[in-house]
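K.L.:
Pasting a structure here, questions to come.
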Amino acid sequence: MRKGETLGVVGETGCGKSTLGKAILGILPVGTQVEGKILFRGRDLTMLTNQMYRRLRGEEIALIFQDPMTRLNPLMTVQDHFIEEIQAHEPVSSTEARTRAREALISMGIHEARIRNYPHEFSGGMRQRIMIALALVLKPSLLIADEPTTSLDVIVEAQILEILQDLKQAYSMSLLLITHNLGIVAEVCDRVAVLYAGKLVELGSVRDIFHKPLHPYTQGLLSSIIHLETKELHSIEGSPPDLIAPPSGCRFHPRCSFAQSICMEKVPPLVEFEPGHFAACHFGDKFL
Amino acid sequence: MPKSGSLAAYALTRLFLSLPMLLILLTIVFAVLRVIPGDPIAALFAGRAPPDVVAQTRHQLGLDLPYWQQYIFYLGQIFTGNFGTSIGENYHGKSVLAIILDKLPATVELAIGAMIVASIIGIAAGVVSGTNRDKPSDVALRLYGTIIFVIPVFWLGQILQLIFAVDLGWFPAQLRFSGLPFPNQVTGLYTVDSLLQGRLDMFLVALQHLVLPSLTLGLVLSGFFTKTVRANLLRTVNADYVEAARARGIPEGRIISRYAFKNALIPVVTVLGLQFAILFAGAVLTERTFSWDGMGMLLLKSIDSADYPMIQGVIVVYALIIVGLSVIIDVINGLIDPRVRY
Amino acid sequence: MEWLHSRLVRPFRPLIRERHTLPGILSWIGLGTLIAFILVGIFGPVLVSIDQTKALAYPILLPPSLQHVMGTDGIGRDVFARVIWGTRTSLMIMAIGALLALVVGFPIGLLSGFVGGKVDRVLVLVMDSVYAFPGLLLAALIAAVIGKGIFNIGIAITVIYIPLYFRVTRNQTLSTREELYVEAGRALGARSWTIMLSYIAYNVVIVIPVIFSLSAADTILTAAGLSYLGLGLEIDIPGDWGRDLSDAQRFLGSGIWWTSLFPGLMIILLTVGLSFLGEGLNDIINPLLKKERA
Amino acid sequence: MSAPVVAVQGEPANELLRLDNLKVHFPVKLPFIQRLLQREEAVVHAVDGVSFGIRAGEILGLVGESGCGKSTVGRSCVRLIKPTSGRIFFAGQNITKLGGENLRALRRRIQIIFQDPHASLTPAMTIGRGIGHPLWIHRSAFGPQKSGSEAFGQWVRQRVLNTMREVGLTPEEQLYDKFPGDLSGGQKQRAVIARALILEPNLLVVDEGVSMLDMSIRAKVLELMLDLKRRHGLTYLFITHDLATAKFICDRIAIMYMGRIVEIGPAREIYADPKHPYTKALLQVIPIPDPDKRKEKVLPRGEVPDAVHPPAGCRFHPRCPAVLATCGWEGRDFVDFLDEHLSDPKRAGDDESIVGPIEGWHADGLVASLEAKPMSVEKAVERVETILAEAPVAMTQAIESVSAQKRTVMVRFHPPNQLRQTQVQDRLVECLLYQ
């Protein structure tokens, strides 16, 4: 992922996209096994000590969740949330922290007088703005947004997406947008990663993905969207696999209409079929 | 929007709302004592008194009047604070209220002691258990919580007496005080009174007597605490806002104390309100085991001596205390949780 | 009836599947204990002569020995025989108390939750008031007024557990009533009682084994407590754990431990078994209910 | 130019369902304590005067954001909710006050499908039993088969198996004895559809019936619904928040906002040329899955207001990009504007000290007044007027006067124009722009 870009991560429910966000921040439940590396500015995050990892969260990488209604501590005022976060990372006085909290809120269009209110006194859209303000108050260089608008109304959803894009510009940070909505991806992302059953199946620029999808799953996903120009309904046969015992070879083969015997036997590697456009399919070149 | 005054408003409303509950409890007591089929006076005397004495007692207490008259008289008595006079052999002719007020502090002292023991052990065990889910310490503490809670409190008292009083001789097995002149009656709590008097020796004696009964009752109650604290902590340590706080890089210790524990406390406090029922029931048994001269003993003696006005008085005072405590608990909840208030 | 089967038998299937987890182990221990006690309650008195439970049957205060495995008590009764006979007494009180409370509390709770409105509010207020009051005191009061005896104690205890059944049943009814399939049932044109029986009651029935085990444990404790206070059973009952503990109190100062230890252990074994069963079932059934809702 | 409001009399005879000025108000559920403290009884204006008709054999889409009252309309049509006022006609019969056996009989003819198939199925009933249950419920309506429970049971089983086959719930013999927990989401929704169809209803209300299904399954279920319409002449009220799905399946659509229908007409025309500003906004925010068609959007401001106190006049006016002076401006719009103004320290300057604090302002109908005593009333009036220069033009125009009464500053608005549903080309629109 590059500096200043917006990367969209898409996939169906249960494909592992939310786990990805939490894995980057190292906040998966205790006992989860994590393999592989997470490189952030050249450092492998999985090697960090707990203390260093904690400092990194919020300060360099921030995360916004799907459901703003339950993500704030109901017993703390909004102001307390801000002061706590700022002081957890920087040795500043409460007054200073309070000033910065106020600025952050105002930048999100929330009256500063409401800073002493409790979370339950705000609407869903406002809470998501507070969550964004909280995520950005330390000016992180990477913001992970995990389905940030799914629980909101369509118009508020569009408002929040607009705010996110503006802020990305203003803070020159990178945005990792996790979503199941391909329409949103088409509208805001620079590059797209498609996940299926916990594996990356395709990665490329937003134009490559939407105009020249190489993986049959991406193709199916794109044709099953119901949008305003839909004339005919398409769907992908079958249902997502059980992740406890995933299919052999290519995980998509039981649902794939192009599947051959090799798909059952060999796991397809992620190949760069054209500059910057990767896909994990044995027959990716057929679709070029 | 909540303003500073709203907690007071909440408390007042809550107080007002407790009136129906109080009335229901008083009515139930009335019903049990008079309306239940059978003759309460005869049952109390259990054949120990000739029929004419029974009839006379009944007439004396107005129990031969129509129920509605009795009911009005009964409520009138309670709201004017006049509980009548005793007819039992122990306190014959004395004011019921005065006797009750004399015995009340003993029960309060025991209850407070037990609550202290129960909350210290229960909260500590609950937190350890809840933050170490399914580890051996959790399993052990869960078993502790389940088992200790169903141990008969009087049996536990006897065993503790056997070990610490009879065998080891560390603590006295009976009574609230011995060996020294009684402290001056101020609050009626011997531990407090002795300190007010500046007598450390008296305080130690009072404390020594208090240890075993408090421990007995407190241990049993701690089982309940352990289970509730654990269950609620498990719920909050996995809450969405805890995960979000972790993602913001808030230190783990602070997350446990400020997010998980404080939020877990709200339902615990609510459940605490129900604990009082168990606490006072347990106190009656503990009082008998340790000859602790409180309300429970008074009730037992009154039942023994067919002291009808005294029985009624004691039960009514218990009802008043229970209702009062439930109001206090709700107000405390309003204090912790801003959502309750408005 | 199909739903009764699916509610009362199906939930016990996970008990077999989960026999290696902690809740499963606890449930099985609890179930085993309960069955053992029931066997003792039924066959024990057949094997142990009632004469051994009578005063002055033996020399007093004999320590445990081969003849008297648990010793004899202050008036020369065999402690072992008393304990065996006491099992039957306790189980009878438990059955009367818990069953009566179930029979009264469950339908009231179901109706109250289903009908809602003012009826519900008043019932809740009354039941909550009773629930907040120390149960033992209320039972003691009732026992003092209506007199001693197994049946009377059963009734006195019933009064304090009706609110428990009521509460749980009502809350369960209330949350079930909000389920979409209940609304769907109404949209299909089902009558109220069809909805209550076919759509709601089954979901409520599932919690009964849990409350039953937990309240049964409490019943044993309360009954023993009443006996301990001298308000429980007649003096000539051949076995009464609470009374035995009360009698044991006098000799405690002289270090006589066997008259206290054994009746106490019996109470604890039975109540712990029942709570293991109750809590184990609770831990197994709750996720089941959650899964159905998710 | 303006056409009269819809009248009930003289409607086309082939209308299967008609709602006439339907209102549903829910009491706000408050804890007991708060209800005591509250002076007035608060109600949620979930549905506030909705009229429309559905012709036999058509699919009418009822579209709006969550909380706009569309589900309440759906539930009222099948009489799961008692309307506060207004009338509902089904096949010419007034069913608004139907009760008892008549209501039960009605339910054989109108069925509803909910969003969550899992929650709609009773977990303790097998699939076959659940689908057949409606037949048992209405047993007495199937006269001849009534004799002999055994025979009726056999007949029910046959019908259930037939219906299961029809909705594609196969292999039906195996699935018959499964419990809902054993089925996939798509299968469950098919079971729910089968249960609704087994009574052979005329009208099917589909309340977000496909929203919870995964993309790939969603298409299949929609196809099934279209297929059933063709084969059985079913009429649908299709409730959804998804404009794209609605466009695909519906003949006509009605757009709802805050308990009112703002635009209703043929689906194709509305999508091609939306009239109401709210419809325009909704259509605009649907993401287009094509990175080459990105465009700037003009979004309505703010969020949907509280339905306990809906805005006066047109409910959309506080957020509307095309708002007029006569759309319903009132006191609290000014307070909201002032609040927003004072929140921005750059613009506000020392305004707060002269016209503040914001908590001192109180709105009552068309009037907003500053009740905390300002230092100088005249200065405050003057400053309010300065600030208003920055306000939306429509709002400034709607103000009748800014005045001082004793020591109170008052901002008074003109009363709004009466809002009516207006015939615009082939559809009805509720917007002053077209009146």
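Order determines the names: the first chain of the structure tokens is A, the second B, and so forth; residues in each chain are numbered 1 upward, and ligands are numbered 1 upward as they are shown.
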Which residues come within 8 Å of C:Ile29, counting only C-alpha atoms, excluding same-chain residues fewer than 6 positions away, as a PyMOL selection string?
P.N.:
chain C and resi 273+276-277
K.L.:
For N, CA, C and O atoms, I'd like the residues from the last selection saved as a PDB file, in the first residue's frame.
P.N.:
ATOM      1  N   GLY C 273     -24.977 -30.255  44.166  1.00  0.00           N
ATOM      2  CA  GLY C 273     -25.366 -31.042  42.991  1.00  0.00           C
ATOM      3  C   GLY C 273     -26.425 -30.323  42.184  1.00  0.00           C
ATOM      4  O   GLY C 273     -26.306 -30.183  40.963  1.00  0.00           O
ATOM      5  N   PHE C 276     -24.943 -27.270  40.450  1.00  0.00           N
ATOM      6  CA  PHE C 276     -24.125 -27.692  39.306  1.00  0.00           C
ATOM      7  C   PHE C 276     -25.028 -27.980  38.118  1.00  0.00           C
ATOM      8  O   PHE C 276     -24.787 -27.530  37.004  1.00  0.00           O
ATOM      9  N   LEU C 277     -26.086 -28.726  38.389  1.00  0.00           N
ATOM     10  CA  LEU C 277     -27.019 -29.079  37.323  1.00  0.00           C
ATOM     11  C   LEU C 277     -27.628 -27.816  36.725  1.00  0.00           C
ATOM     12  O   LEU C 277     -27.639 -27.614  35.513  1.00  0.00           O
TER      13      LEU C 277
END
K.L.:
Taking the backbone alone, and naming residues the way the document does, which bits of stretch 172-276 of chain A are strand (DSSP E or B) by DSSP, as a ChimeraX atom specification?
P.N.:
/A:174-179,191-196,199-205,271-274
K.L.:
Based on the selection just made, write C-alpha atoms of those residues as a PDB file, in the first residue's frame.
P.N.:
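The result, written out as part.pdb:
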ATOM      1  CA  SER A 174      -3.476   6.543   3.446  1.00  0.00           C
ATOM      2  CA  LEU A 175      -6.920   5.018   3.704  1.00  0.00           C
ATOM      3  CA  LEU A 176      -7.710   1.331   3.818  1.00  0.00           C
ATOM      4  CA  LEU A 177     -11.424   1.002   3.145  1.00  0.00           C
ATOM      5  CA  ILE A 178     -12.960  -2.348   3.994  1.00  0.00           C
ATOM      6  CA  THR A 179     -16.404  -2.801   2.479  1.00  0.00           C
ATOM      7  CA  ARG A 191      -6.756   0.445  -5.921  1.00  0.00           C
ATOM      8  CA  VAL A 192      -8.840  -2.590  -4.971  1.00  0.00           C
ATOM      9  CA  ALA A 193      -8.066  -5.883  -3.276  1.00  0.00           C
ATOM     10  CA  VAL A 194     -10.631  -8.680  -3.600  1.00  0.00           C
ATOM     11  CA  LEU A 195     -10.753 -11.295  -0.865  1.00  0.00           C
ATOM     12  CA  TYR A 196     -12.395 -14.681  -1.109  1.00  0.00           C
ATOM     13  CA  LYS A 199      -7.382 -15.298   0.485  1.00  0.00           C
ATOM     14  CA  LEU A 200      -6.438 -12.423  -1.773  1.00  0.00           C
ATOM     15  CA  VAL A 201      -7.710 -13.356  -5.223  1.00  0.00           C
ATOM     16  CA  GLU A 202      -7.166 -10.145  -7.140  1.00  0.00           C
ATOM     17  CA  LEU A 203      -5.412  -6.836  -6.671  1.00  0.00           C
ATOM     18  CA  GLY A 204      -5.210  -3.942  -9.077  1.00  0.00           C
ATOM     19  CA  SER A 205      -6.158  -0.387  -9.877  1.00  0.00           C
ATOM     20  CA  VAL A 271       0.607 -13.511 -10.555  1.00  0.00           C
ATOM     21  CA  GLU A 272       1.157 -10.077 -12.043  1.00  0.00           C
ATOM     22  CA  PHE A 273      -0.686 -10.408 -15.351  1.00  0.00           C
ATOM     23  CA  GLU A 274      -0.151  -6.822 -16.373  1.00  0.00           C
TER      24      GLU A 274
END
K.L.:
Restrict the distance test to only C-alpha atoms, flag each residue of chain A within 9 Å of chain B, and return the flagged residues as a ChimeraX atom specification.
P.N.:
/A:22,25-29,51,53-59,61-65,67,70-76,81,84-85,88-89,117-118,120-121,134-135
K.L.:
Excluding stretch 86-88 of chain D and any residue of its chain fewer than 2 positions from it, enumerate the residues within 7 Å of it, using only C-alpha atoms, and give them as a list in words.
P.N.:
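The residues satisfying every condition are Arg18, Leu19, Asp20, Asn21, Leu22, Lys23, Pro83, Phe90, Asn94, Ile95 and Thr96 of chain D.
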K.L.:
Next, the residues of the selection above should be written as a short mmCIF file (atom, residue, chain, number, x, y, z; two decimals), in the first residue's frame with all heavy atoms.
P.N.:
data_model
loop_
_atom_site.label_atom_id
_atom_site.label_comp_id
_atom_site.auth_asym_id
_atom_site.auth_seq_id
_atom_site.Cartn_x
_atom_site.Cartn_y
_atom_site.Cartn_z
N ARG D 18 -56.11 0.15 -0.97
CA ARG D 18 -56.02 1.61 -0.96
C ARG D 18 -55.84 2.10 0.48
O ARG D 18 -56.55 1.66 1.38
CB ARG D 18 -57.26 2.24 -1.59
CG ARG D 18 -57.45 3.70 -1.23
CD ARG D 18 -57.97 4.56 -2.36
NE ARG D 18 -57.06 4.68 -3.50
CZ ARG D 18 -56.04 5.55 -3.57
NH1 ARG D 18 -55.77 6.35 -2.55
NH2 ARG D 18 -55.30 5.61 -4.66
N LEU D 19 -54.88 2.97 0.65
CA LEU D 19 -54.71 3.63 1.94
C LEU D 19 -55.21 5.05 1.79
O LEU D 19 -54.92 5.71 0.79
CB LEU D 19 -53.24 3.67 2.37
CG LEU D 19 -52.50 2.35 2.48
CD1 LEU D 19 -51.13 2.59 3.08
CD2 LEU D 19 -53.28 1.37 3.30
N ASP D 20 -55.97 5.50 2.77
CA ASP D 20 -56.53 6.83 2.68
C ASP D 20 -56.13 7.61 3.92
O ASP D 20 -56.63 7.37 5.01
CB ASP D 20 -58.06 6.72 2.57
CG ASP D 20 -58.72 8.08 2.54
OD1 ASP D 20 -58.05 9.04 2.11
OD2 ASP D 20 -59.88 8.17 2.98
N ASN D 21 -55.20 8.51 3.72
CA ASN D 21 -54.73 9.39 4.80
C ASN D 21 -54.38 8.62 6.07
O ASN D 21 -54.80 8.95 7.17
CB ASN D 21 -55.81 10.45 5.10
CG ASN D 21 -55.22 11.63 5.85
OD1 ASN D 21 -54.01 11.85 5.81
ND2 ASN D 21 -56.06 12.37 6.55
N LEU D 22 -53.59 7.58 5.90
CA LEU D 22 -53.23 6.72 7.02
C LEU D 22 -52.25 7.42 7.97
O LEU D 22 -51.27 8.02 7.53
CB LEU D 22 -52.56 5.44 6.48
CG LEU D 22 -52.17 4.42 7.56
CD1 LEU D 22 -53.39 3.65 8.01
CD2 LEU D 22 -51.11 3.48 7.04
N LYS D 23 -52.57 7.36 9.25
CA LYS D 23 -51.64 7.90 10.25
C LYS D 23 -51.38 6.86 11.32
O LYS D 23 -52.32 6.20 11.79
CB LYS D 23 -52.24 9.14 10.92
CG LYS D 23 -52.27 10.35 10.01
CD LYS D 23 -52.68 11.60 10.75
CE LYS D 23 -52.76 12.74 9.74
NZ LYS D 23 -53.28 13.95 10.30
N PRO D 83 -53.98 1.43 12.96
CA PRO D 83 -53.74 2.82 12.55
C PRO D 83 -54.33 3.79 13.57
O PRO D 83 -55.35 3.51 14.18
CB PRO D 83 -54.49 2.94 11.22
CG PRO D 83 -54.82 1.55 10.82
CD PRO D 83 -54.87 0.73 12.05
N PHE D 90 -59.39 -2.96 1.32
CA PHE D 90 -58.84 -4.10 0.60
C PHE D 90 -59.94 -4.67 -0.28
O PHE D 90 -61.00 -5.06 0.23
CB PHE D 90 -58.33 -5.16 1.57
CG PHE D 90 -57.78 -6.38 0.88
CD1 PHE D 90 -56.55 -6.33 0.25
CD2 PHE D 90 -58.50 -7.55 0.86
CE1 PHE D 90 -56.04 -7.43 -0.39
CE2 PHE D 90 -58.00 -8.66 0.22
CZ PHE D 90 -56.76 -8.60 -0.41
N ASN D 94 -63.67 -1.93 3.62
CA ASN D 94 -62.93 -1.17 4.63
C ASN D 94 -62.44 -2.13 5.71
O ASN D 94 -63.23 -2.73 6.43
CB ASN D 94 -63.85 -0.10 5.23
CG ASN D 94 -63.10 0.80 6.18
OD1 ASN D 94 -62.01 0.47 6.64
ND2 ASN D 94 -63.67 1.96 6.45
N ILE D 95 -61.13 -2.27 5.80
CA ILE D 95 -60.58 -3.24 6.77
C ILE D 95 -59.91 -2.56 7.94
O ILE D 95 -59.24 -3.18 8.75
CB ILE D 95 -59.56 -4.18 6.09
CG1 ILE D 95 -58.38 -3.38 5.53
CG2 ILE D 95 -60.22 -5.00 5.00
CD1 ILE D 95 -57.17 -4.24 5.22
N THR D 96 -60.11 -1.22 8.04
CA THR D 96 -59.40 -0.46 9.07
C THR D 96 -59.71 -0.96 10.46
O THR D 96 -58.85 -1.02 11.32
CB THR D 96 -59.79 1.03 8.98
OG1 THR D 96 -59.97 1.36 7.62
CG2 THR D 96 -58.73 1.89 9.60
#
K.L.:
Excluding stretch 205-217 of chain C and residues on its chain fewer than 2 positions from it, collect all residues at most 7 Å away from it, counting only C-alpha atoms, and give them as a PyMOL selection string.
P.N.:
chain C and resi 7-8+94+98+201-203+219-221+271+274-275+277-278+281-282
K.L.:
For chain A, report every residue with an atom at most 8 Å from chain D (counting only C-alpha atoms), formatted as a ChimeraX atom specification.
P.N.:
/A:12-13,106,109-112,125,153-156,158-159,182-187,206-207,210,224-228,230-231,233-237
K.L.:
Name the residues in contact with stretch 128-136 of chain C at a cut-off of 7 Å, using only C-alpha atoms, excluding same-chain residues fewer than 2 positions from it; report them as a ChimeraX atom specification.
P.N.:
/B:21,24-25,274,277-278,280-281,319,322 /C:124-126,138-140,160,163,222
K.L.:
Name all residues at most 9 Å from stretch 253-264 of chain A (count only C-alpha atoms; drop same-chain ones fewer than 6 positions away) and give them as a list of chain:residue names.
P.N.:
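Skipping anything fewer than 6 positions along the chain leaves A:Pro216, A:Tyr217, A:Ile236, A:Glu237, A:Gly238, A:Ser239, A:Pro240, A:Pro241, A:Pro247, A:Cys281, A:His282, A:Phe283.
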K.L.:
Give me every alpha helix (DSSP H) residue in stretch 36-139 of chain D, going by DSSP on the backbone, as a PyMOL selection string.
P.N.:
chain D and resi 36-37+70-77+100-106+117-120+127-137
